[in-house]
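So this one's final.tsv, TSV, N, CA and C atoms:
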```tsv
chain	number	residue	atom	x	y	z
A	1440	MET	N	84.39	101.58	76.80
A	1440	MET	CA	85.24	100.62	76.13
A	1440	MET	C	86.39	101.38	75.48
A	1441	VAL	N	87.59	100.88	75.71
A	1441	VAL	CA	88.78	101.50	75.13
A	1441	VAL	C	89.58	100.43	74.41
A	1442	GLN	N	89.96	100.72	73.18
A	1442	GLN	CA	90.85	99.85	72.43
A	1442	GLN	C	92.15	100.60	72.25
A	1443	ILE	N	93.25	99.90	72.47
A	1443	ILE	CA	94.55	100.55	72.39
A	1443	ILE	C	95.51	99.66	71.61
A	1444	GLY	N	96.48	100.28	70.96
A	1444	GLY	CA	97.49	99.53	70.22
A	1444	GLY	C	97.12	99.35	68.76
A	1445	LEU	N	97.65	98.30	68.16
A	1445	LEU	CA	97.40	98.03	66.74
A	1445	LEU	C	96.00	97.47	66.55
A	1446	ASN	N	95.37	97.87	65.46
A	1446	ASN	CA	94.10	97.25	65.07
A	1446	ASN	C	93.93	97.37	63.57
A	1447	MET	N	92.89	96.74	63.08
A	1447	MET	CA	92.65	96.71	61.63
A	1447	MET	C	91.69	97.80	61.17
A	1448	GLY	N	91.40	98.77	62.01
A	1448	GLY	CA	90.54	99.87	61.60
A	1448	GLY	C	89.08	99.48	61.59
A	1449	PRO	N	88.22	100.40	61.15
A	1449	PRO	CA	86.79	100.10	61.10
A	1449	PRO	C	86.49	99.02	60.07
A	1450	ARG	N	85.36	98.34	60.25
A	1450	ARG	CA	85.05	97.21	59.37
A	1450	ARG	C	84.89	97.59	57.91
A	1451	HIS	N	84.60	98.87	57.64
A	1451	HIS	CA	84.43	99.28	56.24
A	1451	HIS	C	85.73	99.80	55.62
A	1452	ALA	N	86.80	99.93	56.41
A	1452	ALA	CA	88.07	100.44	55.88
A	1452	ALA	C	89.23	99.76	56.60
A	1453	ARG	N	89.52	98.54	56.23
A	1453	ARG	CA	90.56	97.75	56.90
A	1453	ARG	C	91.95	98.28	56.59
A	1454	VAL	N	92.60	98.83	57.63
A	1454	VAL	CA	93.97	99.33	57.52
A	1454	VAL	C	94.66	99.05	58.85
A	1455	LEU	N	95.78	98.34	58.82
A	1455	LEU	CA	96.53	98.05	60.03
A	1455	LEU	C	97.24	99.32	60.49
A	1456	GLY	N	97.02	99.71	61.72
A	1456	GLY	CA	97.67	100.89	62.27
A	1456	GLY	C	97.33	101.06	63.74
A	1457	TRP	N	97.83	102.14	64.33
A	1457	TRP	CA	97.55	102.42	65.73
A	1457	TRP	C	96.11	102.86	65.88
A	1458	GLY	N	95.40	102.24	66.81
A	1458	GLY	CA	94.00	102.58	67.06
A	1458	GLY	C	93.85	103.99	67.61
A	1459	LYS	N	92.74	104.60	67.32
A	1459	LYS	CA	92.42	105.93	67.86
A	1459	LYS	C	91.47	105.72	69.03
A	1460	SER	N	91.92	106.06	70.23
A	1460	SER	CA	91.15	105.78	71.43
A	1460	SER	C	90.33	106.95	71.93
A	1461	PHE	N	90.47	108.11	71.36
A	1461	PHE	CA	89.82	109.30	71.91
A	1461	PHE	C	88.76	109.85	70.96
A	1462	ASN	N	87.57	110.05	71.49
A	1462	ASN	CA	86.49	110.64	70.71
A	1462	ASN	C	86.24	112.10	71.09
A	1463	LYS	N	86.82	112.54	72.20
A	1463	LYS	CA	86.62	113.92	72.66
A	1463	LYS	C	87.68	114.83	72.05
A	1464	PRO	N	87.28	115.72	71.16
A	1464	PRO	CA	88.27	116.58	70.50
A	1464	PRO	C	88.86	117.64	71.43
A	1465	ASN	N	88.27	117.83	72.62
A	1465	ASN	CA	88.75	118.88	73.51
A	1465	ASN	C	89.91	118.44	74.41
A	1466	LEU	N	90.37	117.18	74.31
A	1466	LEU	CA	91.51	116.75	75.11
A	1466	LEU	C	92.80	117.29	74.50
A	1467	SER	N	93.68	117.77	75.37
A	1467	SER	CA	94.97	118.26	74.88
A	1467	SER	C	95.86	117.07	74.52
A	1468	GLN	N	96.88	117.34	73.73
A	1468	GLN	CA	97.84	116.29	73.37
A	1468	GLN	C	98.49	115.73	74.63
A	1469	GLU	N	98.78	116.59	75.58
A	1469	GLU	CA	99.39	116.16	76.85
A	1469	GLU	C	98.48	115.19	77.61
A	1470	GLU	N	97.17	115.49	77.66
A	1470	GLU	CA	96.22	114.63	78.36
A	1470	GLU	C	96.07	113.28	77.64
A	1471	MET	N	96.01	113.30	76.31
A	1471	MET	CA	95.91	112.05	75.56
A	1471	MET	C	97.15	111.18	75.79
A	1472	THR	N	98.33	111.79	75.78
A	1472	THR	CA	99.57	111.06	76.02
A	1472	THR	C	99.59	110.49	77.43
A	1473	ALA	N	99.15	111.27	78.41
A	1473	ALA	CA	99.11	110.79	79.80
A	1473	ALA	C	98.16	109.61	79.95
A	1474	GLN	N	96.98	109.69	79.34
A	1474	GLN	CA	96.02	108.59	79.43
A	1474	GLN	C	96.54	107.35	78.72
A	1475	ASP	N	97.14	107.52	77.55
A	1475	ASP	CA	97.72	106.38	76.84
A	1475	ASP	C	98.84	105.74	77.66
A	1476	THR	N	99.69	106.56	78.26
A	1476	THR	CA	100.80	106.06	79.07
A	1476	THR	C	100.27	105.23	80.23
A	1477	ASP	N	99.24	105.72	80.91
A	1477	ASP	CA	98.65	104.98	82.03
A	1477	ASP	C	98.03	103.67	81.57
A	1478	PHE	N	97.34	103.70	80.42
A	1478	PHE	CA	96.70	102.47	79.95
A	1478	PHE	C	97.73	101.45	79.49
A	1479	ILE	N	98.78	101.90	78.81
A	1479	ILE	CA	99.86	100.99	78.42
A	1479	ILE	C	100.48	100.39	79.68
A	1480	GLY	N	100.67	101.22	80.70
A	1480	GLY	CA	101.22	100.73	81.97
A	1480	GLY	C	100.33	99.69	82.62
A	1481	ALA	N	99.03	99.95	82.65
A	1481	ALA	CA	98.10	98.99	83.26
A	1481	ALA	C	98.07	97.68	82.49
A	1482	GLN	N	98.01	97.75	81.15
A	1482	GLN	CA	97.99	96.54	80.33
A	1482	GLN	C	99.30	95.76	80.49
A	1483	SER	N	100.41	96.46	80.52
A	1483	SER	CA	101.71	95.80	80.63
A	1483	SER	C	101.91	95.19	82.01
A	1484	LEU	N	101.44	95.87	83.05
A	1484	LEU	CA	101.52	95.31	84.39
A	1484	LEU	C	100.67	94.05	84.48
A	1485	LEU	N	99.47	94.08	83.91
A	1485	LEU	CA	98.62	92.89	83.87
A	1485	LEU	C	99.32	91.75	83.13
A	1486	TRP	N	99.97	92.06	82.02
A	1486	TRP	CA	100.69	91.05	81.25
A	1486	TRP	C	101.81	90.43	82.08
A	1487	LEU	N	102.55	91.25	82.84
A	1487	LEU	CA	103.61	90.73	83.70
A	1487	LEU	C	103.03	89.84	84.80
A	1488	LEU	N	101.89	90.24	85.37
A	1488	LEU	CA	101.25	89.42	86.41
A	1488	LEU	C	100.78	88.08	85.85
A	1489	ILE	N	100.24	88.09	84.64
A	1489	ILE	CA	99.83	86.84	83.99
A	1489	ILE	C	101.05	85.95	83.79
A	1490	ASN	N	102.14	86.52	83.31
A	1490	ASN	CA	103.35	85.74	83.06
A	1490	ASN	C	103.94	85.16	84.34
A	1491	SER	N	103.77	85.84	85.45
A	1491	SER	CA	104.36	85.36	86.70
A	1491	SER	C	103.44	84.44	87.49
A	1492	ASN	N	102.14	84.41	87.18
A	1492	ASN	CA	101.20	83.63	87.99
A	1492	ASN	C	100.50	82.49	87.26
A	1493	PHE	N	100.41	82.54	85.96
A	1493	PHE	CA	99.78	81.45	85.21
A	1493	PHE	C	100.79	80.32	85.04
A	1494	PRO	N	100.31	79.12	84.74
A	1494	PRO	CA	101.26	78.06	84.37
A	1494	PRO	C	102.10	78.56	83.19
A	1495	THR	N	103.38	78.34	83.21
A	1495	THR	CA	104.29	78.94	82.23
A	1495	THR	C	103.93	78.61	80.79
A	1496	GLU	N	103.29	77.47	80.55
A	1496	GLU	CA	102.96	77.08	79.18
A	1496	GLU	C	101.96	78.03	78.53
A	1497	VAL	N	101.05	78.60	79.34
A	1497	VAL	CA	99.99	79.44	78.78
A	1497	VAL	C	100.55	80.74	78.19
A	1498	PRO	N	101.20	81.60	78.99
A	1498	PRO	CA	101.72	82.84	78.38
A	1498	PRO	C	102.87	82.58	77.41
A	1499	ALA	N	103.64	81.51	77.63
A	1499	ALA	CA	104.76	81.21	76.73
A	1499	ALA	C	104.26	80.88	75.33
A	1500	ALA	N	103.19	80.11	75.24
A	1500	ALA	CA	102.64	79.75	73.93
A	1500	ALA	C	102.11	80.99	73.22
A	1501	PHE	N	101.43	81.85	73.96
A	1501	PHE	CA	100.91	83.08	73.36
A	1501	PHE	C	102.06	83.99	72.92
A	1502	ALA	N	103.05	84.18	73.80
A	1502	ALA	CA	104.19	85.06	73.49
A	1502	ALA	C	104.97	84.53	72.29
A	1503	ALA	N	105.11	83.21	72.18
A	1503	ALA	CA	105.82	82.64	71.03
A	1503	ALA	C	105.07	82.92	69.73
A	1504	GLY	N	103.75	82.83	69.77
A	1504	GLY	CA	102.96	83.13	68.58
A	1504	GLY	C	103.06	84.58	68.18
A	1505	VAL	N	103.06	85.48	69.14
A	1505	VAL	CA	103.17	86.91	68.86
A	1505	VAL	C	104.58	87.25	68.38
A	1506	ALA	N	105.59	86.58	68.96
A	1506	ALA	CA	106.98	86.86	68.59
A	1506	ALA	C	107.25	86.52	67.13
A	1507	ASP	N	106.50	85.57	66.58
A	1507	ASP	CA	106.69	85.19	65.17
A	1507	ASP	C	106.07	86.20	64.21
A	1508	LEU	N	105.29	87.12	64.72
A	1508	LEU	CA	104.63	88.13	63.87
A	1508	LEU	C	105.47	89.41	63.83
A	1509	PRO	N	105.36	90.18	62.77
A	1509	PRO	CA	106.18	91.40	62.65
A	1509	PRO	C	105.57	92.61	63.35
A	1510	TYR	N	104.96	92.40	64.52
A	1510	TYR	CA	104.29	93.50	65.22
A	1510	TYR	C	105.14	94.01	66.37
A	1511	PRO	N	105.10	95.31	66.64
A	1511	PRO	CA	105.83	95.87	67.77
A	1511	PRO	C	105.08	95.62	69.08
A	1512	ALA	N	105.70	95.95	70.18
A	1512	ALA	CA	105.03	95.88	71.48
A	1512	ALA	C	103.95	96.96	71.54
A	1513	LEU	N	103.16	96.95	72.58
A	1513	LEU	CA	102.05	97.88	72.73
A	1513	LEU	C	102.51	99.34	72.64
A	1514	GLY	N	101.79	100.12	71.86
A	1514	GLY	CA	102.05	101.54	71.68
A	1514	GLY	C	100.78	102.21	71.20
A	1515	THR	N	100.83	103.50	70.95
A	1515	THR	CA	99.67	104.23	70.44
A	1515	THR	C	100.13	105.30	69.46
A	1516	GLN	N	99.17	106.07	68.95
A	1516	GLN	CA	99.51	107.22	68.11
A	1516	GLN	C	100.28	108.25	68.92
A	1517	ASN	N	100.07	108.27	70.24
A	1517	ASN	CA	100.68	109.29	71.10
A	1517	ASN	C	101.90	108.81	71.86
A	1518	VAL	N	102.04	107.50	72.02
A	1518	VAL	CA	103.16	106.92	72.79
A	1518	VAL	C	103.80	105.83	71.94
A	1519	PRO	N	105.05	106.02	71.51
A	1519	PRO	CA	105.68	105.04	70.62
A	1519	PRO	C	105.91	103.70	71.32
A	1520	SER	N	105.96	102.65	70.51
A	1520	SER	CA	106.25	101.31	71.01
A	1520	SER	C	107.74	101.23	71.31
A	1521	GLU	N	108.07	100.96	72.56
A	1521	GLU	CA	109.46	100.84	72.96
A	1521	GLU	C	109.53	100.04	74.25
A	1522	MET	N	110.72	99.86	74.79
A	1522	MET	CA	110.91	99.10	76.02
A	1522	MET	C	110.43	99.91	77.21
A	1523	GLY	N	109.86	99.24	78.18
A	1523	GLY	CA	109.47	99.88	79.43
A	1523	GLY	C	108.07	100.47	79.40
A	1524	PHE	N	107.57	100.74	80.59
A	1524	PHE	CA	106.26	101.37	80.73
A	1524	PHE	C	106.18	102.07	82.07
A	1525	SER	N	105.19	102.92	82.21
A	1525	SER	CA	104.98	103.64	83.47
A	1525	SER	C	103.49	103.94	83.61
A	1526	PHE	N	103.11	104.29	84.82
A	1526	PHE	CA	101.74	104.75	85.06
A	1526	PHE	C	101.73	105.57	86.33
A	1527	GLU	N	100.70	106.38	86.46
A	1527	GLU	CA	100.52	107.22	87.65
A	1527	GLU	C	99.35	106.67	88.43
A	1528	TYR	N	99.54	106.49	89.73
A	1528	TYR	CA	98.46	106.04	90.60
A	1528	TYR	C	98.53	106.80	91.91
A	1529	ASP	N	97.42	107.38	92.28
A	1529	ASP	CA	97.29	108.09	93.55
A	1529	ASP	C	98.38	109.16	93.71
A	1530	GLY	N	98.66	109.85	92.61
A	1530	GLY	CA	99.62	110.95	92.64
A	1530	GLY	C	101.08	110.54	92.57
A	1531	LYS	N	101.35	109.25	92.44
A	1531	LYS	CA	102.73	108.78	92.40
A	1531	LYS	C	103.00	108.10	91.05
A	1532	ASP	N	104.18	108.36	90.48
A	1532	ASP	CA	104.57	107.74	89.22
A	1532	ASP	C	105.33	106.45	89.49
A	1533	TYR	N	104.96	105.41	88.75
A	1533	TYR	CA	105.64	104.12	88.82
A	1533	TYR	C	106.27	103.86	87.46
A	1534	ASN	N	107.58	103.61	87.44
A	1534	ASN	CA	108.32	103.43	86.19
A	1534	ASN	C	108.99	102.07	86.17
A	1535	PHE	N	108.80	101.35	85.08
A	1535	PHE	CA	109.43	100.06	84.86
A	1535	PHE	C	110.19	100.17	83.54
A	1536	THR	N	111.35	100.80	83.58
A	1536	THR	CA	112.07	101.17	82.37
A	1536	THR	C	112.66	99.98	81.61
A	1537	GLN	N	112.94	98.88	82.28
A	1537	GLN	CA	113.56	97.73	81.62
A	1537	GLN	C	112.59	96.58	81.38
A	1538	ALA	N	111.32	96.75	81.74
A	1538	ALA	CA	110.33	95.68	81.57
A	1538	ALA	C	109.77	95.70	80.16
A	1539	GLY	N	109.41	94.54	79.68
A	1539	GLY	CA	108.75	94.45	78.38
A	1539	GLY	C	107.30	94.88	78.48
A	1540	ARG	N	106.76	95.32	77.38
A	1540	ARG	CA	105.35	95.73	77.34
A	1540	ARG	C	104.45	94.57	76.97
A	1541	ALA	N	103.17	94.83	77.10
A	1541	ALA	CA	102.15	93.86	76.71
A	1541	ALA	C	102.16	93.66	75.20
A	1542	PRO	N	101.49	92.61	74.73
A	1542	PRO	CA	101.34	92.41	73.28
A	1542	PRO	C	100.69	93.63	72.61
A	1543	PRO	N	100.70	93.70	71.28
A	1543	PRO	CA	100.39	94.93	70.56
A	1543	PRO	C	98.96	95.46	70.58
A	1544	GLU	N	98.01	94.75	71.20
A	1544	GLU	CA	96.65	95.27	71.24
A	1544	GLU	C	96.03	94.98	72.59
A	1545	GLY	N	95.24	95.93	73.08
A	1545	GLY	CA	94.54	95.73	74.34
A	1545	GLY	C	93.17	96.37	74.31
A	1546	ILE	N	92.26	95.80	75.08
A	1546	ILE	CA	90.90	96.33	75.20
A	1546	ILE	C	90.54	96.36	76.67
A	1547	ALA	N	89.89	97.42	77.10
A	1547	ALA	CA	89.40	97.52	78.48
A	1547	ALA	C	87.94	97.91	78.46
A	1548	LEU	N	87.18	97.28	79.32
A	1548	LEU	CA	85.75	97.57	79.44
A	1548	LEU	C	85.46	97.95	80.88
A	1549	LEU	N	84.60	98.92	81.06
A	1549	LEU	CA	84.15	99.28	82.40
A	1549	LEU	C	82.70	99.74	82.28
A	1550	GLY	N	81.79	98.97	82.81
A	1550	GLY	CA	80.38	99.33	82.74
A	1550	GLY	C	79.85	99.38	81.32
A	1551	PHE	N	80.35	98.53	80.44
A	1551	PHE	CA	79.95	98.52	79.03
A	1551	PHE	C	78.52	98.02	78.89
A	1552	ARG	N	77.71	98.71	78.10
A	1552	ARG	CA	76.32	98.29	77.87
A	1552	ARG	C	75.97	98.43	76.39
A	1553	MET	N	75.21	97.46	75.92
A	1553	MET	CA	74.60	97.54	74.62
A	1553	MET	C	73.36	96.66	74.67
A	1554	GLY	N	72.53	96.72	73.67
A	1554	GLY	CA	71.25	96.02	73.70
A	1554	GLY	C	71.33	94.54	74.05
A	1555	SER	N	72.36	93.87	73.59
A	1555	SER	CA	72.46	92.43	73.81
A	1555	SER	C	73.43	92.05	74.92
A	1556	HIS	N	74.06	93.03	75.58
A	1556	HIS	CA	75.09	92.71	76.56
A	1556	HIS	C	75.18	93.79	77.62
A	1557	THR	N	75.36	93.37	78.85
A	1557	THR	CA	75.62	94.30	79.96
A	1557	THR	C	76.85	93.81	80.70
A	1558	ASP	N	77.76	94.70	80.97
A	1558	ASP	CA	78.98	94.36	81.69
A	1558	ASP	C	78.98	95.12	83.01
A	1559	ASP	N	78.86	94.41	84.12
A	1559	ASP	CA	78.86	95.04	85.43
A	1559	ASP	C	80.25	95.04	86.06
A	1560	THR	N	81.28	94.96	85.24
A	1560	THR	CA	82.64	94.93	85.73
A	1560	THR	C	82.94	96.12	86.62
A	1561	GLY	N	82.41	97.28	86.28
A	1561	GLY	CA	82.66	98.47	87.08
A	1561	GLY	C	82.22	98.29	88.51
A	1562	LYS	N	81.05	97.73	88.74
A	1562	LYS	CA	80.56	97.50	90.09
A	1562	LYS	C	81.43	96.48	90.81
A	1563	ILE	N	81.77	95.40	90.11
A	1563	ILE	CA	82.59	94.35	90.70
A	1563	ILE	C	83.97	94.90	91.05
A	1564	LEU	N	84.58	95.66	90.13
A	1564	LEU	CA	85.90	96.22	90.36
A	1564	LEU	C	85.89	97.19	91.54
A	1565	LYS	N	84.89	98.07	91.61
A	1565	LYS	CA	84.80	99.00	92.73
A	1565	LYS	C	84.67	98.25	94.05
A	1566	HIS	N	83.87	97.18	94.07
A	1566	HIS	CA	83.68	96.38	95.28
A	1566	HIS	C	85.00	95.71	95.68
A	1567	LEU	N	85.71	95.14	94.71
A	1567	LEU	CA	86.98	94.49	94.98
A	1567	LEU	C	88.01	95.49	95.51
A	1568	LEU	N	88.12	96.65	94.86
A	1568	LEU	CA	89.06	97.67	95.31
A	1568	LEU	C	88.72	98.16	96.71
A	1569	TRP	N	87.43	98.26	97.03
A	1569	TRP	CA	87.01	98.68	98.36
A	1569	TRP	C	87.48	97.67	99.40
A	1570	HIS	N	87.30	96.37	99.11
A	1570	HIS	CA	87.73	95.32	100.04
A	1570	HIS	C	89.24	95.29	100.21
A	1571	LEU	N	89.97	95.63	99.17
A	1571	LEU	CA	91.43	95.64	99.25
A	1571	LEU	C	91.97	96.94	99.84
A	1572	GLY	N	91.08	97.88	100.12
A	1572	GLY	CA	91.50	99.17	100.66
A	1572	GLY	C	92.11	100.08	99.62
A	1573	LEU	N	91.83	99.83	98.34
A	1573	LEU	CA	92.42	100.62	97.26
A	1573	LEU	C	91.42	101.53	96.58
A	1574	ALA	N	90.18	101.55	97.06
A	1574	ALA	CA	89.14	102.36	96.41
A	1574	ALA	C	89.46	103.83	96.55
A	1575	ARG	N	89.26	104.56	95.45
A	1575	ARG	CA	89.44	106.01	95.48
A	1575	ARG	C	88.17	106.64	96.02
A	1576	THR	N	88.33	107.64	96.84
A	1576	THR	CA	87.15	108.29	97.43
A	1576	THR	C	86.78	109.53	96.67
```
Go through the file and emit its structure as structure tokens.
Amino acid sequence: MVQIGLNMGPRHARVLGWGKSFNKPNLSQEEMTAQDTDFIGAQSLLWLLINSNFPTEVPAAFAAGVADLPYPALGTQNVPSEMGFSFEYDGKDYNFTQAGRAPPEGIALLGFRMGSHTDDTGKILKHLLWHLGLART
């Protein structure tokens, strides 16, 4: 499970700020920035796909609500909130310099498990990517 962007901090210390997504202290600053950049890119690409494929009322209502708040677009401690996004896939960089980013917070789950919940998204996603010919070997 990865949380990215703005959040209210842990339940015992509520502070609005950029979420900390990394628990491994051995990652270099360069690797953390690269991972944040890719995740911002994936979240923002998903947001653009939602905006272009859902009935316009759905994302428009959400975007209007977010626009009324004093929050920046998606960013992290390592990647500032600004216009545009990029990501690396299969060794190639994709840059969308003039596109807007996703709203200020995102969460991704892959194979998440806890006592009361199991998420098999990882298996489903791998199966879907395999059928689309996009699975990594």
Coordinates-based distance that separates atom C of His1451 (chain A) from CA of Val1518 (chain A) (Å, one decimal):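 Atom-to-atom, CA of Val1518 (chain A) and atom C of His1451 (chain A) are spaced 25.5 Å apart.
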How far is it from atom C of Thr1515 (chain A) to atom C of Ile1443 (chain A), in Å with one decimal? 7.6 Å
Which polymer residues have any atom within 6 Å of an atom of region 1534-1543 of chain A, counting only C-alpha atoms, with same-chain residues fewer than 6 positions away left out, as a VMD selection string? chain A and resid 1444 to 1445 1483 1486 1512 to 1513 1522 to 1525
Using all atoms listed in the file, which of the listed residues (A:Leu1485, A:Gln1468, A:Asp1477, A:Ala1506) sits closest to Tyr1528 (chain A)?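 Among the listed residues, A:Asp1477 lies closest to Tyr1528 (chain A).
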Using Å and a single decimal, report how far atom C of Leu1487 (chain A) sits from atom N of Phe1501 (chain A).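 It comes out at 13.6 Å.
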Would you mind writing down, as a PyMOL selection string, each residue of region 1466-1537 of chain A that DSSP on the backbone assigns to helix (DSSP H, G or I)? chain A and resi 1468-1492+1496-1506
Have a look at A:Ala1452, A:Glu1544, A:Asn1490, A:Asn1517 and name the one nearest to Thr1472 (chain A); count only N, CA and C atoms. A:Asn1517
From the options A:Ser1491, A:Gly1545, A:Asp1532, A:Asp1475, which residue's atoms come nearest to Phe1461 (chain A), counting only C-alpha atoms?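 Closest residue, counting only C-alpha atoms: A:Asp1475.
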Size and centre in Å, one decimal, axis-aligned box, all listed region 1478-1497 of chain A atoms plus 8 Å per side, as JSON:
```
{"center_x": 100.5, "center_y": 90.4, "center_z": 83.1, "size_x": 23.7, "size_y": 42.6, "size_z": 25.8}
```
Would you please give, as a tab-separated table (two decimals) with N, CA and C atoms, in the frame of the given file, all residues of region 1444-1524 of chain A that DSSP assigns to strand (DSSP E or B) based on the backbone?
```tsv
chain	number	residue	atom	x	y	z
A	1444	GLY	N	96.48	100.28	70.96
A	1444	GLY	CA	97.49	99.53	70.22
A	1444	GLY	C	97.12	99.35	68.76
A	1445	LEU	N	97.65	98.30	68.16
A	1445	LEU	CA	97.40	98.03	66.74
A	1445	LEU	C	96.00	97.47	66.55
A	1446	ASN	N	95.37	97.87	65.46
A	1446	ASN	CA	94.10	97.25	65.07
A	1446	ASN	C	93.93	97.37	63.57
A	1456	GLY	N	97.02	99.71	61.72
A	1456	GLY	CA	97.67	100.89	62.27
A	1456	GLY	C	97.33	101.06	63.74
A	1457	TRP	N	97.83	102.14	64.33
A	1457	TRP	CA	97.55	102.42	65.73
A	1457	TRP	C	96.11	102.86	65.88
A	1524	PHE	N	107.57	100.74	80.59
A	1524	PHE	CA	106.26	101.37	80.73
A	1524	PHE	C	106.18	102.07	82.07
```
